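Asks: Below is the file query_30.txt, which contains compact mmCIF, C-alpha atoms.
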```
# COMPACT_ATOMS: atom_id res chain seq x y z
CA MET A 20 21.31 -16.59 -9.32
CA PRO A 21 18.19 -17.06 -7.16
CA VAL A 22 15.66 -14.27 -6.92
CA LEU A 23 17.21 -11.25 -5.21
CA LYS A 24 14.06 -10.24 -3.32
CA GLU A 25 10.48 -11.51 -3.21
CA TRP A 26 7.52 -10.08 -1.30
CA THR A 27 3.73 -9.83 -1.08
CA ILE A 28 1.61 -6.71 -1.56
CA GLY A 29 -1.68 -6.53 0.29
CA ASP A 30 -3.71 -9.74 0.31
CA HIS A 31 -3.07 -10.91 -3.25
CA GLY A 32 -0.19 -9.08 -4.93
CA LEU A 33 3.21 -10.66 -5.56
CA ALA A 34 6.47 -9.00 -6.56
CA ALA A 35 10.11 -9.94 -7.06
CA ILE A 36 13.47 -8.58 -8.21
CA TRP A 37 15.95 -10.71 -10.12
CA LYS A 38 19.60 -9.98 -10.92
CA VAL A 39 20.50 -11.34 -14.32
CA GLU A 40 23.63 -13.46 -14.27
CA GLU A 41 22.38 -16.31 -16.46
CA PRO A 42 22.84 -16.69 -20.22
CA GLU A 43 19.97 -15.96 -22.58
CA SER A 44 19.41 -19.70 -23.06
CA PHE A 45 18.40 -20.08 -19.41
CA PHE A 46 15.45 -17.72 -19.80
CA SER A 47 14.38 -19.00 -23.20
CA ASP A 48 14.53 -22.60 -21.99
CA GLN A 49 12.58 -21.83 -18.82
CA THR A 50 9.85 -19.86 -20.59
CA GLY A 51 9.72 -21.72 -23.90
CA ILE A 52 9.65 -18.44 -25.78
CA SER A 53 12.11 -16.55 -27.96
CA SER A 54 12.49 -12.95 -29.02
CA ASP A 55 13.47 -11.24 -32.26
CA ILE A 56 14.80 -8.14 -30.48
CA LYS A 57 18.14 -7.43 -32.12
CA ASN A 58 20.00 -5.93 -29.15
CA GLU A 59 21.25 -8.80 -26.99
CA ARG A 60 20.90 -7.06 -23.64
CA ARG A 61 17.37 -5.88 -24.39
CA ARG A 62 16.46 -9.35 -25.60
CA ILE A 63 17.68 -10.92 -22.35
CA GLU A 64 15.79 -8.30 -20.32
CA HIS A 65 12.63 -9.10 -22.27
CA LEU A 66 12.96 -12.84 -21.65
CA ALA A 67 13.99 -12.41 -18.02
CA GLY A 68 10.93 -10.26 -17.34
CA ARG A 69 8.66 -12.99 -18.65
CA TYR A 70 10.56 -15.60 -16.70
CA LEU A 71 9.96 -13.58 -13.54
CA LEU A 72 6.20 -13.49 -14.21
CA LYS A 73 6.28 -17.27 -14.50
CA TYR A 74 8.36 -17.49 -11.34
CA LEU A 75 5.69 -15.55 -9.41
CA GLU A 76 2.69 -17.36 -10.92
CA ASN A 77 3.46 -20.70 -12.50
CA ASP A 78 0.26 -20.64 -14.56
CA PHE A 79 0.92 -17.17 -15.97
CA PRO A 80 -0.01 -17.32 -19.70
CA LEU A 81 3.13 -15.82 -21.24
CA TRP A 82 1.94 -16.53 -24.77
CA ASN A 83 -1.14 -14.44 -24.13
CA ILE A 84 0.61 -11.11 -23.46
CA ARG A 85 -0.60 -8.40 -25.83
CA LYS A 86 -0.31 -4.62 -25.81
CA ASP A 87 -3.54 -2.64 -25.61
CA GLU A 88 -4.26 0.60 -27.48
CA HIS A 89 -2.02 2.48 -25.03
CA ASP A 90 0.82 -0.06 -25.33
CA LYS A 91 0.17 -1.39 -21.82
CA PRO A 92 0.86 -5.16 -21.70
CA ARG A 93 -2.21 -7.20 -20.82
CA ILE A 94 -3.56 -10.74 -21.04
CA ASP A 95 -7.04 -11.84 -22.09
CA ASN A 96 -9.80 -11.00 -19.62
CA ASN A 97 -7.19 -9.47 -17.31
CA GLN A 98 -6.69 -12.81 -15.62
CA TYR A 99 -3.72 -11.10 -14.00
CA PHE A 100 -2.75 -7.46 -13.85
CA PHE A 101 1.02 -7.10 -14.05
CA SER A 102 3.95 -4.81 -14.63
CA ILE A 103 7.60 -5.41 -15.54
CA SER A 104 10.60 -3.12 -15.28
CA HIS A 105 14.28 -3.57 -16.02
CA SER A 106 17.47 -1.62 -15.46
CA TRP A 107 20.41 -3.84 -16.30
CA PRO A 108 21.18 -6.21 -14.71
CA TYR A 109 18.04 -6.02 -12.55
CA ILE A 110 14.50 -7.10 -13.43
CA ALA A 111 11.42 -6.30 -11.34
CA ALA A 112 7.90 -7.68 -11.77
CA ILE A 113 4.59 -7.39 -9.97
CA ILE A 114 1.37 -9.41 -10.39
CA ASP A 115 -2.10 -8.91 -8.92
CA PRO A 116 -5.22 -10.91 -9.87
CA TYR A 117 -7.64 -8.13 -8.91
CA SER A 118 -6.06 -4.67 -9.19
CA GLU A 119 -3.97 -2.72 -11.68
CA ALA A 120 -0.25 -3.00 -10.94
CA GLY A 121 2.78 -0.81 -11.49
CA ILE A 122 6.48 -1.21 -10.67
CA ASP A 123 9.70 0.50 -11.71
CA ILE A 124 13.37 -0.17 -11.00
CA GLN A 125 16.33 2.06 -11.84
CA THR A 126 20.04 1.70 -11.21
CA TRP A 127 21.84 4.80 -10.04
CA HIS A 128 22.53 7.55 -12.55
CA PRO A 129 25.05 10.02 -11.12
CA LYS A 130 23.79 12.95 -13.20
CA ILE A 131 20.06 12.52 -12.66
CA GLU A 132 19.90 15.79 -10.71
CA GLN A 133 20.68 17.59 -13.97
CA ILE A 134 17.41 16.40 -15.54
CA GLN A 135 15.16 16.40 -12.46
CA HIS A 136 13.38 19.54 -13.71
CA LYS A 137 11.85 17.42 -16.46
CA PHE A 138 9.78 15.34 -14.01
CA LEU A 139 9.85 17.19 -10.66
CA SER A 140 8.25 20.55 -9.91
CA LYS A 141 10.28 23.19 -8.07
CA ASP A 142 8.50 22.27 -4.84
CA GLU A 143 9.27 18.58 -5.38
CA GLN A 144 12.91 19.38 -6.08
CA GLU A 145 13.05 21.05 -2.68
CA ILE A 146 11.77 17.84 -1.08
CA PHE A 147 14.49 15.68 -2.61
CA ARG A 148 17.34 18.15 -1.96
CA ASN A 149 19.48 17.33 -5.01
CA ASP A 150 20.08 13.87 -3.57
CA ALA A 151 20.69 11.64 -6.59
CA GLN A 152 19.31 8.52 -4.89
CA LEU A 153 16.13 10.24 -3.69
CA ILE A 154 15.60 11.88 -7.08
CA THR A 155 15.93 8.45 -8.69
CA LEU A 156 13.39 7.12 -6.20
CA ALA A 157 10.98 9.94 -7.13
CA TRP A 158 11.39 9.05 -10.81
CA CYS A 159 10.66 5.39 -10.05
CA ALA A 160 7.53 6.31 -8.11
CA LYS A 161 6.13 8.46 -10.92
CA GLU A 162 7.03 5.85 -13.53
CA ALA A 163 5.36 3.10 -11.48
CA ALA A 164 2.21 5.24 -11.14
CA TYR A 165 2.27 5.85 -14.90
CA LYS A 166 2.51 2.11 -15.58
CA TRP A 167 -0.28 1.45 -13.08
CA HIS A 168 -2.58 3.86 -14.94
CA GLY A 169 -1.43 2.60 -18.35
CA ARG A 170 -2.60 5.50 -20.49
CA ARG A 171 -0.74 7.86 -22.79
CA GLY A 172 -0.67 11.61 -22.40
CA ILE A 173 0.65 11.95 -18.85
CA ASP A 174 2.75 14.91 -17.78
CA PHE A 175 4.84 13.77 -14.82
CA ILE A 176 4.87 17.22 -13.21
CA GLU A 177 1.29 18.33 -13.89
CA HIS A 178 -0.57 15.03 -13.51
CA LEU A 179 1.58 13.15 -10.97
CA PRO A 180 2.41 15.58 -8.15
CA ILE A 181 3.98 14.05 -5.06
CA GLU A 182 1.81 14.85 -2.04
CA TYR A 183 3.68 12.93 0.65
CA PHE A 184 7.17 11.54 1.11
CA GLU A 185 8.69 9.65 4.03
CA HIS A 186 12.02 7.89 3.96
CA ASN A 187 13.89 6.43 6.91
CA ASP A 188 15.46 3.18 8.08
CA GLN A 189 12.06 1.61 8.74
CA LYS A 190 10.11 2.51 5.62
CA SER A 191 9.97 4.56 2.46
CA GLU A 192 6.61 5.78 1.18
CA ILE A 193 5.44 8.19 -1.50
CA THR A 194 1.88 9.30 -2.20
CA ILE A 195 1.01 10.74 -5.61
CA PHE A 196 -2.14 12.76 -6.28
CA PHE A 197 -3.09 11.17 -9.60
CA LYS A 198 -5.05 13.82 -11.51
CA LEU A 199 -5.89 12.09 -14.81
CA SER A 200 -8.56 9.71 -13.55
CA LYS A 201 -12.22 10.70 -13.90
CA ILE A 202 -12.18 10.80 -10.12
CA PRO A 203 -8.72 11.90 -8.89
CA GLN A 204 -6.96 9.29 -6.80
CA MET A 205 -4.31 9.14 -4.14
CA VAL A 206 -1.84 6.47 -5.22
CA SER A 207 0.39 5.05 -2.49
CA LEU A 208 3.79 3.65 -3.41
CA ASN A 209 6.28 1.73 -1.33
CA ASN A 210 9.95 1.97 -2.16
CA LEU A 211 13.18 0.03 -1.90
CA ILE A 212 16.71 1.39 -2.00
CA SER A 213 19.74 -0.87 -2.31
CA ALA A 214 23.40 -0.24 -2.98
CA ASP A 215 22.73 -0.57 -6.71
CA PHE A 216 19.16 0.58 -7.43
CA ALA A 217 15.89 2.17 -6.41
CA CYS A 218 12.57 0.42 -6.88
CA SER A 219 9.03 1.70 -6.38
CA TYR A 220 5.70 -0.08 -6.69
CA VAL A 221 2.03 0.79 -6.28
CA SER A 222 0.75 -0.63 -3.02
CA LYS A 223 -2.80 0.79 -3.14
CA SER A 224 -4.99 3.52 -4.59
CA GLU A 225 -7.94 5.39 -3.17
CA LYS A 226 -10.42 7.60 -4.96
CA TRP A 227 -10.32 11.17 -3.72
CA ALA A 228 -13.79 12.56 -3.09
CA ILE A 229 -14.35 16.13 -4.28
CA TYR A 230 -17.05 18.08 -2.50
```
Show me, as structure tokens, the structure contained in the file I just sent.
Replies:
Amino acid sequence: MPVLKEWTIGDHGLAAIWKVEEPESFFSDQTGISSDIKNERRRIEHLAGRYLLKYLENDFPLWNIRKDEHDKPRIDNNQYFFSISHSWPYIAAIIDPYSEAGIDIQTWHPKIEQIQHKFLSKDEQEIFRNDAQLITLAWCAKEAAYKWHGRRGIDFIEHLPIEYFEHNDQKSEITIFFKLSKIPQMVSLNNLISADFACSYVSKSEKWAIY
């Protein structure tokens, strides 16, 4: 099917969500790449994510994607910063030529409230009120911030506390006080909720001056 949603972020960022309904051959033919991942669904997700990068930027060098020492996917000279996420059958991708990028998508998990203590502090759990959709959104926001930073060793509760949350019919925003940078940063994330999934992406970051 056509792209489910496509939008811009700031002056240069691009993002899109795709619902996979095509066979694997569609994505391999469109990208010219193949995958040796054994699980069929994971293989299609892998190819669809790369197809979506190409959809957003036709000159995106798919063959140049390599993982750095922290397993964050990059391309030579950071010609583009990018992030991919998938939660079957949905694929999300974000590209920015100038700034680090992070995106996460997650279909609804009815029992997510049972594991929220693993990534939300007690105060954060109060904010999201055992609402499975809002808890999923909080997970997406922290995961997107983690991908944006792209370094190992992050504790989602200790290092990614949620400082601000607003969710209504007009907008949905989360701000995370990112504590692992040399200079702590406030990371702003915008969010989407549909009938089938939550999606969160980094919209901007600002260094937090300490006096």
Asks: So that I can check the surroundings of A:Glu177, please list as a list in words every protein, DNA and RNA residue that reaches within 10 Å of it, counting all atoms listed in the file and ignoring chain neighbours fewer than 3 positions away.
Replies: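 Neighbouring residues, sequence-local ones excluded: Phe138, Leu139, Ser140, Ile173, Asp174, Pro180, Phe197, Lys198 and Leu199 of chain A.
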Asks: Report, in Å to a single decimal, how far apart atom CA of A:Lys223 and atom CA of A:Val206 are.
Replies: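 So the answer is 6.1 Å.
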Asks: Please measure the separation of atom CA of A:Leu81 and atom CA of A:Asn209, giving the value in Å to one decimal.
Replies: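 Atom CA of A:Leu81 sits 26.7 Å away from atom CA of A:Asn209.
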Asks: For a quick check of understanding, using only C-alpha atoms, which of A:Ser106, A:Asn149, A:Asn77, A:Ser224 has the smallest distance to A:Ile202?
Replies: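 Ranking A:Ser106, A:Asn149, A:Asn77, A:Ser224 by distance to A:Ile202, first place goes to A:Ser224.
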Asks: Compare A:Leu156, A:Leu72, A:Ala34, A:Ile131 by their minimum atom-to-atom distance to A:Ile212, counting only C-alpha atoms, and give me the closest one.
Replies: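 With only C-alpha atoms as the atom set, the closest residue is A:Leu156.
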Asks: At what distance in Å, to one decimal, does atom CA of A:Glu43 lie from atom CA of A:Asp55?
Replies: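 Pair atom CA of A:Asp55 / atom CA of A:Glu43 returns 12.6 Å.
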Asks: Under the rule that all atoms listed in the file are counted, which of A:Gln98, A:Ile134, A:Gln144, A:Leu208 is the nearest residue to A:Gly121?
Replies: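 Among A:Gln98, A:Ile134, A:Gln144, A:Leu208, it is A:Leu208 that comes nearest to A:Gly121.
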